[in-house]
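Coordinates from structure-v1.txt are shown below (compact mmCIF, C-alpha atoms).
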# COMPACT_ATOMS: atom_id res chain seq x y z
CA MET A 248 -35.45 166.28 85.91
CA ASP A 249 -38.70 164.34 85.66
CA LYS A 250 -39.38 162.52 88.93
CA TYR A 251 -42.70 161.84 90.59
CA TYR A 252 -43.39 160.93 94.19
CA ARG A 253 -46.48 159.87 96.07
CA LEU A 254 -47.64 161.40 99.35
CA ASN A 255 -50.57 159.86 101.19
CA LYS A 256 -53.13 162.33 102.52
CA PRO A 257 -52.60 161.50 106.24
CA GLU A 258 -48.87 162.21 105.83
CA CYS A 259 -49.42 165.58 104.14
CA ARG A 260 -49.83 167.30 107.52
CA GLU A 261 -46.53 165.81 108.65
CA PHE A 262 -44.83 167.11 105.51
CA ILE A 263 -46.11 170.67 105.93
CA ALA A 264 -45.33 170.68 109.66
CA GLY A 265 -41.82 169.48 108.84
CA LEU A 266 -41.36 172.30 106.36
CA ALA A 267 -42.65 174.90 108.83
CA SER A 268 -40.16 173.68 111.43
CA LYS A 269 -37.20 174.24 109.07
CA TYR A 270 -38.29 177.14 106.88
CA LYS A 271 -40.53 180.16 106.89
CA VAL A 272 -43.58 178.92 104.99
CA VAL A 273 -46.29 181.11 103.48
CA ALA A 274 -49.52 179.61 102.16
CA PRO A 275 -53.08 180.70 101.32
CA ILE A 276 -55.23 181.33 104.39
CA LYS A 277 -58.82 182.52 104.61
CA LYS A 278 -59.34 186.24 105.19
CA GLY A 279 -63.05 186.86 105.39
CA GLU A 280 -65.83 185.67 103.10
CA LYS A 281 -64.40 184.35 99.80
CA ASN A 282 -61.14 186.21 100.42
CA TYR A 283 -57.74 184.59 100.76
CA VAL A 284 -54.20 185.84 101.28
CA PHE A 285 -50.72 184.37 101.23
CA SER A 286 -49.44 184.60 104.79
CA GLU A 287 -46.96 182.86 107.08
CA ILE A 288 -48.22 179.65 108.68
CA SER A 289 -47.02 177.61 111.63
CA SER A 290 -49.48 174.73 111.28
CA PRO A 291 -50.97 172.87 108.29
CA ASP A 292 -54.43 173.47 109.78
CA GLU A 293 -54.15 177.15 108.83
CA ILE A 294 -53.99 176.44 105.08
CA ALA A 295 -57.19 177.11 103.14
CA ARG A 296 -58.51 174.27 101.03
CA GLY A 297 -60.00 174.84 97.60
CA TYR A 298 -59.22 178.54 97.68
CA ILE A 299 -59.81 180.97 94.82
CA PRO A 300 -56.89 183.23 93.84
CA THR A 301 -55.63 185.31 96.76
CA ILE A 302 -56.35 189.04 96.94
CA ILE A 303 -52.71 189.86 96.12
CA PRO A 304 -50.75 187.31 94.05
CA PRO A 305 -47.46 185.84 95.30
CA LYS A 306 -45.64 188.49 93.25
CA LYS A 307 -45.51 190.46 96.53
CA TYR A 308 -42.68 188.16 97.68
CA PHE A 309 -40.72 188.59 94.44
CA PHE A 310 -41.46 192.28 93.96
CA PRO A 311 -42.43 193.94 97.27
CA LYS A 312 -44.92 196.79 97.28
CA ARG A 313 -42.29 199.02 98.93
CA GLU A 314 -38.59 198.27 98.67
CA THR A 315 -35.60 200.29 99.87
CA LEU A 316 -32.89 200.54 97.19
CA ILE A 317 -30.33 202.95 98.63
CA GLU A 318 -29.56 204.62 101.97
CA TYR A 319 -27.44 207.76 101.88
CA ASP A 320 -25.63 210.16 104.21
CA ILE A 321 -24.90 213.63 102.82
CA ARG A 322 -22.36 214.47 105.55
CA ALA A 323 -20.13 211.51 104.66
CA GLN A 324 -20.87 211.78 100.95
CA ARG A 325 -21.77 208.12 101.13
CA GLN A 326 -24.51 205.91 99.80
CA ARG A 327 -25.14 202.23 100.43
CA ALA A 328 -27.09 199.86 98.19
CA ILE A 329 -29.70 197.82 100.06
CA MET A 330 -30.70 194.27 99.22
CA GLU A 331 -33.81 193.11 101.07
CA TYR A 332 -34.69 189.42 100.90
CA GLU A 333 -35.48 186.37 102.98
CA LYS A 334 -35.51 182.68 102.25
CA LEU A 335 -38.99 181.20 102.38
CA ILE A 336 -41.26 178.57 100.85
CA ILE A 337 -44.41 179.63 99.02
CA PHE A 338 -46.84 176.72 99.27
CA GLY A 339 -49.97 176.22 97.17
CA VAL A 340 -49.23 178.41 94.14
CA ARG A 341 -51.83 177.92 91.38
CA THR A 342 -50.83 177.57 87.72
CA CYS A 343 -52.14 181.05 86.87
CA ASP A 344 -49.79 182.55 89.46
CA LEU A 345 -46.91 180.37 88.27
CA ALA A 346 -47.48 181.90 84.82
CA GLY A 347 -47.45 185.38 86.37
CA ILE A 348 -44.11 184.75 88.06
CA GLN A 349 -42.66 183.52 84.77
CA CYS A 350 -43.74 186.80 83.13
CA LEU A 351 -42.06 188.84 85.86
CA ASN A 352 -38.91 186.75 85.51
CA MET A 353 -38.73 187.67 81.83
CA VAL A 354 -39.29 191.38 82.48
CA PHE A 355 -36.75 191.76 85.28
CA SER A 356 -34.14 189.61 83.51
CA GLU A 357 -33.97 192.06 80.61
CA ARG A 358 -30.96 194.33 80.42
CA PRO A 359 -30.40 196.32 82.50
CA ARG A 360 -31.24 193.40 84.78
CA ASP A 361 -33.00 194.10 88.04
CA VAL A 362 -30.48 192.68 90.51
CA ASN A 363 -32.75 193.14 93.52
CA TYR A 364 -35.51 191.05 91.92
CA LEU A 365 -33.18 188.32 90.64
CA ILE A 366 -31.39 187.83 93.97
CA ARG A 367 -34.69 187.68 95.84
CA LYS A 368 -36.16 185.23 93.31
CA ASN A 369 -33.33 182.78 93.92
CA LYS A 370 -34.11 182.73 97.65
CA LEU A 371 -37.72 181.64 97.16
CA ILE A 372 -38.89 178.03 96.91
CA ILE A 373 -42.17 177.46 95.07
CA ILE A 374 -44.53 174.55 95.68
CA GLY A 375 -47.34 174.59 93.12
CA MET A 376 -50.86 173.19 93.46
CA GLU A 377 -53.04 171.84 90.64
CA CYS A 378 -56.57 173.07 89.90
CA TRP A 379 -59.09 170.58 88.56
CA ASP A 380 -61.86 173.10 87.86
CA TYR A 381 -62.40 176.83 87.43
CA CYS A 382 -62.15 178.86 90.64
CA ASP A 383 -65.28 180.87 89.82
CA GLU A 384 -67.04 182.69 86.99
CA HIS A 385 -64.25 185.30 86.67
CA ALA A 386 -61.39 182.91 85.87
CA ILE A 387 -60.33 182.58 82.22
CA CYS A 388 -57.18 180.49 82.75
CA GLY A 389 -58.44 177.99 80.15
CA LEU A 390 -58.61 180.70 77.50
CA MET A 391 -55.13 181.91 78.46
CA ASP A 392 -53.77 178.34 78.40
CA ASN A 393 -52.51 178.66 81.98
CA HIS A 394 -54.59 175.86 83.50
CA GLN A 395 -51.87 173.26 83.00
CA PRO A 396 -48.51 173.31 84.85
CA LYS A 397 -45.68 174.57 82.63
CA GLY A 398 -42.77 174.70 85.04
CA GLY A 399 -41.71 177.62 87.20
CA TYR A 400 -41.89 175.60 90.43
CA ASP A 401 -39.65 173.39 92.57
CA LEU A 402 -42.41 170.93 93.52
CA PHE A 403 -45.92 170.56 92.14
CA PHE A 404 -48.79 168.86 93.98
CA SER A 405 -51.68 167.15 92.17
CA ASP A 406 -54.55 165.98 94.37
CA MET A 407 -55.43 162.46 93.22
CA GLY A 408 -58.20 161.82 95.74
CA ASP A 409 -56.64 159.62 98.39
CA PHE A 410 -53.08 160.81 97.79
CA HIS A 411 -51.00 163.63 96.29
CA LEU A 412 -48.77 163.08 93.28
CA ILE A 413 -45.72 165.35 93.40
CA HIS A 414 -43.62 166.35 90.42
CA VAL A 415 -40.03 167.28 91.24
CA ASN A 416 -38.82 170.03 88.93
CA THR A 417 -35.54 171.22 90.49
CA LEU A 418 -32.66 170.01 92.65
CA VAL A 419 -34.01 172.17 95.47
CA GLY A 420 -37.30 170.29 95.21
CA GLU A 421 -35.41 166.99 95.35
CA GLU A 422 -33.62 168.13 98.50
CA ILE A 423 -36.94 168.93 100.16
CA ILE A 424 -38.29 165.49 99.27
CA ASN A 425 -35.21 163.84 100.75
CA SER A 426 -35.26 165.98 103.90
CA VAL A 427 -38.79 164.95 104.85
CA GLY A 428 -39.04 161.18 104.73
CA VAL A 429 -42.76 160.75 104.08
CA PHE A 430 -42.67 160.24 100.31
CA SER A 431 -42.55 157.11 98.20
CA PRO A 432 -41.68 156.88 94.48
CA ALA A 433 -44.69 156.98 92.16
CA ASP A 434 -45.36 153.92 89.99
CA GLU A 435 -46.86 153.50 86.53
CA LYS A 436 -50.41 153.23 87.88
CA ASP A 437 -50.04 156.59 89.64
CA LEU A 438 -48.87 158.26 86.43
CA GLU A 439 -51.67 156.64 84.45
CA LYS A 440 -54.17 157.98 86.97
CA LEU A 441 -52.66 161.46 86.61
CA GLU A 442 -53.05 161.30 82.83
CA LYS A 443 -56.70 160.30 83.17
CA PHE A 444 -57.27 163.24 85.53
CA ARG A 445 -55.51 165.57 83.10
CA GLU A 446 -57.58 164.31 80.16
CA LYS A 447 -60.75 165.10 82.07
CA LYS A 448 -59.27 168.46 83.02
CA ARG A 449 -58.58 169.35 79.38
CA LYS A 450 -62.29 168.91 78.64
CA THR A 451 -63.29 170.99 81.68
CA PHE A 452 -61.04 173.89 80.66
CA LYS A 453 -61.56 173.52 76.91
CA SER A 454 -63.38 176.83 76.41
CA SER A 455 -64.84 179.11 79.02
CA MET A 456 -65.68 181.85 76.49
CA GLY A 457 -66.02 180.08 73.16
CA ILE A 458 -62.88 181.57 71.57
CA SER A 459 -59.43 180.07 71.24
CA HIS A 460 -56.17 181.15 72.79
CA GLN A 461 -54.71 181.86 69.35
CA GLN A 462 -57.62 184.12 68.28
CA LEU A 463 -56.89 186.67 71.00
CA LYS A 464 -53.97 187.93 68.93
CA ASP A 465 -56.23 188.86 66.02
CA ILE A 466 -59.00 190.20 68.25
CA PHE A 467 -56.69 192.80 69.86
CA ALA A 468 -54.47 193.46 66.82
CA ASP A 469 -56.22 196.73 65.94
CA ALA A 470 -58.62 197.30 68.82
CA GLU A 471 -57.22 200.65 69.97
CA ASP A 472 -60.17 202.55 68.45
CA ALA A 473 -62.90 200.23 69.79
CA LYS A 474 -65.86 202.03 71.36
CA VAL A 475 -65.74 199.77 74.41
CA TRP A 476 -62.94 201.92 75.83
CA GLU A 477 -65.38 204.88 75.98
CA ASP A 478 -67.72 202.81 78.14
CA LEU A 479 -64.92 201.60 80.39
CA GLY A 480 -63.60 205.14 80.72
CA GLU A 481 -66.98 206.39 81.95
CA ARG A 482 -67.22 203.57 84.49
CA CYS A 483 -63.60 203.38 85.66
CA LEU A 484 -62.81 205.02 89.02
CA SER A 485 -59.03 205.06 88.47
CA CYS A 486 -58.57 203.32 91.82
CA GLY A 487 -55.79 201.10 90.50
CA ASN A 488 -57.19 197.94 92.08
CA CYS A 489 -56.90 196.04 88.80
CA THR A 490 -53.17 196.64 88.43
CA THR A 491 -52.45 196.11 92.14
CA VAL A 492 -53.90 192.61 92.12
CA CYS A 493 -52.60 191.63 88.67
CA PRO A 494 -49.84 188.96 88.76
CA THR A 495 -47.99 190.55 85.81
CA CYS A 496 -48.25 194.30 86.48
CA TYR A 497 -44.81 195.51 87.50
CA CYS A 498 -44.78 199.32 87.12
CA PHE A 499 -43.16 201.23 89.98
CA ASP A 500 -42.13 204.74 90.99
CA VAL A 501 -38.77 205.63 92.57
CA ILE A 502 -38.83 208.14 95.43
CA ASP A 503 -36.05 209.90 97.35
CA GLU A 504 -37.06 210.66 100.93
CA ILE A 505 -34.83 212.67 103.25
CA ASN A 506 -35.02 212.26 107.03
CA LEU A 507 -35.83 215.08 109.46
CA ASP A 508 -32.14 215.64 110.12
CA PHE A 509 -31.82 216.76 106.47
CA LYS A 510 -28.59 214.77 106.30
CA THR A 511 -29.66 211.18 105.77
CA GLY A 512 -32.33 209.52 103.73
CA GLU A 513 -33.26 206.67 101.45
CA ARG A 514 -34.33 205.89 97.92
CA PHE A 515 -37.13 203.38 97.59
CA ARG A 516 -39.45 202.09 94.94
CA ILE A 517 -43.16 201.57 95.34
CA TRP A 518 -45.82 200.02 93.15
CA ASP A 519 -47.40 202.39 90.66
CA SER A 520 -50.32 202.03 88.25
CA CYS A 521 -50.97 203.01 84.65
CA GLN A 522 -54.54 203.72 85.78
CA ASN A 523 -53.37 206.77 87.76
CA GLU A 524 -53.49 210.01 85.81
CA ASP A 525 -50.07 211.11 87.06
CA PHE A 526 -48.46 207.92 85.74
CA ALA A 527 -48.20 209.23 82.16
CA LYS A 528 -47.69 212.88 83.10
CA VAL A 529 -44.45 214.56 82.00
CA ALA A 530 -42.73 217.90 82.59
CA GLY A 531 -45.07 220.82 81.99
CA GLY A 532 -48.06 218.87 83.25
CA GLU A 533 -48.86 217.17 79.94
CA SER A 534 -50.25 213.62 80.12
CA PHE A 535 -50.08 211.00 77.39
CA ARG A 536 -53.16 209.29 78.79
CA GLU A 537 -55.17 211.99 80.49
CA GLU A 538 -58.53 210.31 79.91
CA ARG A 539 -59.58 207.14 81.68
CA LYS A 540 -60.64 205.46 78.45
CA GLY A 541 -57.05 205.71 77.21
CA ARG A 542 -55.72 204.22 80.42
CA GLN A 543 -58.17 201.33 80.28
CA MET A 544 -57.29 200.63 76.66
CA HIS A 545 -53.59 200.70 77.53
CA ARG A 546 -54.09 198.17 80.32
CA TYR A 547 -55.75 195.67 78.00
CA MET A 548 -53.14 196.17 75.28
CA ARG A 549 -50.45 195.51 77.87
CA LYS A 550 -52.00 192.11 78.43
CA PHE A 551 -53.12 191.01 74.97
CA LYS A 552 -51.04 192.86 72.36
CA TYR A 553 -47.80 194.57 73.34
CA PRO A 554 -46.19 191.60 75.18
CA LEU A 555 -46.67 189.39 72.11
CA LYS A 556 -44.23 191.53 70.15
CA LYS A 557 -41.62 191.58 72.90
CA TYR A 558 -42.00 188.31 74.80
CA SER A 559 -44.14 186.17 72.47
CA ARG A 560 -46.75 185.57 75.16
CA TYR A 561 -49.83 187.15 76.66
CA PHE A 562 -49.44 188.87 80.02
CA CYS A 563 -52.94 187.99 81.22
CA THR A 564 -52.77 184.79 83.26
CA GLY A 565 -56.55 184.31 83.43
CA CYS A 566 -56.68 184.46 87.24
CA GLY A 567 -59.72 186.80 87.23
CA ARG A 568 -58.41 189.03 90.02
CA CYS A 569 -59.01 192.27 88.11
CA SER A 570 -62.70 191.40 87.70
CA ARG A 571 -63.11 190.48 91.37
CA ALA A 572 -61.34 193.63 92.59
CA CYS A 573 -62.98 196.20 90.29
CA MET A 574 -65.33 198.52 92.17
CA ALA A 575 -66.92 199.59 88.86
CA ASP A 576 -67.79 196.02 87.86
CA ILE A 577 -65.53 196.05 84.81
CA ARG A 578 -65.20 192.40 83.79
CA ILE A 579 -62.46 191.09 81.53
CA LYS A 580 -64.78 188.53 79.93
CA GLU A 581 -67.31 191.21 78.97
CA THR A 582 -64.62 193.48 77.57
CA ILE A 583 -63.21 190.78 75.31
CA GLN A 584 -66.70 189.96 74.03
CA GLU A 585 -67.41 193.64 73.34
CA VAL A 586 -64.20 193.99 71.33
CA ILE A 587 -65.22 190.97 69.25
CA LYS A 588 -68.67 192.45 68.54
CA GLU A 589 -67.29 195.87 67.61
CA LYS A 590 -64.87 194.38 65.12
CA GLY A 591 -67.86 192.85 63.35
CA LEU A 592 -66.82 189.26 63.86
CA SER A 593 -69.62 186.80 63.60
CA ASN A 594 -69.95 184.10 66.24
CA GLU A 595 -68.72 181.53 63.76
CA LYS A 596 -65.70 183.56 62.67
CA ALA A 597 -64.77 184.52 66.23
CA GLY A 598 -65.20 180.96 67.36
CA ILE A 599 -68.03 181.74 69.79
CA SER A 600 -70.30 178.81 70.37
Let me see the structure of the file written as structure tokens.
Amino acid sequence: MDKYYRLNKPECREFIAGLASKYKVVAPIKKGEKNYVFSEISSPDEIARGYIPTIIPPKKYFFPKRETLIEYDIRAQRQRAIMEYEKLIIFGVRTCDLAGIQCLNMVFSERPRDVNYLIRKNKLIIIGMECWDYCDEHAICGLMDNHQPKGGYDLFFSDMGDFHLIHVNTLVGEEIINSVGVFSPADEKDLEKLEKFREKKRKTFKSSMGISHQQLKDIFADAEDAKVWEDLGERCLSCGNCTTVCPTCYCFDVIDEINLDFKTGERFRIWDSCQNEDFAKVAGGESFREERKGRQMHRYMRKFKYPLKKYSRYFCTGCGRCSRACMADIRIKETIQEVIKEKGLSNEKAGIS
């Protein structure tokens, strides 16, 4: 499916209001100074314009922070599987977050498939939103090649100045277009204008760090013994903020909790973090990654090395959330540059301008 529609700016409010009247709609809203969150809206006036990535990515709707899996009753020797989901529209998803959702889809589709995730995913409608420039100094979506839309949405909005150009990517997206009669088919001039915008965008996002997307593979191929991990280990507070806000971190713990009647209870899963010491601890109290430097190294390898072997893609989307959320001022850009220096790569060889 490759259809484009045009939506004039004055009619955009009518479109969003129409959606909110038929569906539960969540969108980015402002939450303090330079902070944004995805939250339910009832009016288009609540939506933040030109927002930087939200504190928590939209993964929270696909993979909730706390999710009940089973309820059980010892007296009846009975257990009941729980499936928690709701149908909603996620409006205004940036391309970096679309990439994050695609990563999660791959992980949870592996055998044994995560049925809870897959059922919930199919109840969510995604409306993407194009970025024409970097959000701020922390974003590296250009380096990660996630600045351009690559699917993973039902509808995708591109702001063309006086109107929005909408790409329809699924039948669900087509149904939404047909249900709200404020769209008109795009013509050749509209598509030509989009291509001109995209050409300018390619130059804007060409290189935020001076290295190429392909070079990351070689940079992190044998970086486990780099000295930068010592520095990060001394600075890291093991708070887990970086993994909590990451669009592609999916580790969780499973907990059985019995009620006060000692007869009934539930099994639930909750987000976990490889930055917690207990995460890699096994029976007998031994830990595979007792030191913080090892945990920091593992986090970077989980973004730039290990996923390449299994999924043929990086698991860093370039959103910059980890840098914004780190209380120890650990910055992903600085870490990558330090790894390059330690490996003895010259600026010319590493591609740094």
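Note that the spacing between atom CA of Arg445 of chain A and atom CA of Cys388 of chain A amounts to 15.0 Å.
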Notebook entry, point to check: For Gln461 of chain A, which residue out of A:Thr495, A:Thr490, A:Ser559, A:Gln522 is the nearest one, using all atoms listed in the file?
Noted result: A:Ser559
Write out, as JSON lines, each residue of segment 513-586 of chain A that has an atom at most 12 Å from segment 291-315 of chain A, together with the closest pair of atoms and their distance in Å to one decimal, counting all atoms listed in the file, rows going by chain and rising number.
{"residue": "A:Glu513", "atom": "CA", "partner": "A:Thr315", "partner_atom": "CA", "distance": 7.0}
{"residue": "A:Arg514", "atom": "CA", "partner": "A:Thr315", "partner_atom": "CA", "distance": 6.1}
{"residue": "A:Phe515", "atom": "CA", "partner": "A:Thr315", "partner_atom": "CA", "distance": 4.1}
{"residue": "A:Arg516", "atom": "CA", "partner": "A:Glu314", "partner_atom": "CA", "distance": 5.4}
{"residue": "A:Ile517", "atom": "CA", "partner": "A:Arg313", "partner_atom": "CA", "distance": 4.5}
{"residue": "A:Trp518", "atom": "CA", "partner": "A:Lys312", "partner_atom": "CA", "distance": 5.3}
{"residue": "A:Asp519", "atom": "CA", "partner": "A:Lys312", "partner_atom": "CA", "distance": 9.0}
{"residue": "A:Ser520", "atom": "CA", "partner": "A:Lys312", "partner_atom": "CA", "distance": 11.8}
{"residue": "A:Thr564", "atom": "CA", "partner": "A:Pro304", "partner_atom": "CA", "distance": 11.3}
{"residue": "A:Gly565", "atom": "CA", "partner": "A:Pro300", "partner_atom": "CA", "distance": 10.5}
{"residue": "A:Cys566", "atom": "CA", "partner": "A:Pro300", "partner_atom": "CA", "distance": 6.7}
{"residue": "A:Gly567", "atom": "CA", "partner": "A:Pro300", "partner_atom": "CA", "distance": 8.0}
{"residue": "A:Arg568", "atom": "CA", "partner": "A:Pro300", "partner_atom": "CA", "distance": 7.1}
{"residue": "A:Cys569", "atom": "CA", "partner": "A:Ile302", "partner_atom": "CA", "distance": 9.8}
{"residue": "A:Ser570", "atom": "CA", "partner": "A:Ile302", "partner_atom": "CA", "distance": 11.5}
{"residue": "A:Arg571", "atom": "CA", "partner": "A:Ile302", "partner_atom": "CA", "distance": 8.9}
{"residue": "A:Ala572", "atom": "CA", "partner": "A:Ile302", "partner_atom": "CA", "distance": 8.1}
{"residue": "A:Cys573", "atom": "CA", "partner": "A:Ile302", "partner_atom": "CA", "distance": 11.8}
Checklist line | Within 10 Å of Glu589 of chain A using only C-alpha atoms, minus same-chain residues under 4 positions, as a list in words | finding: Ala470, Asp472, Ala473, Lys474, Val475, Gln584 and Glu585 of chain A
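What separates atom CA of Asp344 of chain A from atom CA of Gly399 of chain A is a distance of 9.7 Å.
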Checklist line | Selected residue, from A:Asn369, A:Asn282, A:Ser459, A:Ser405, that lies nearest to Val419 of chain A when counting all atoms listed in the file | finding: A:Asn369
Check: Between atom CA of Ser534 of chain A and atom CA of Lys550 of chain A, what is the distance, to one decimal in Å?
Finding: 21.6 Å
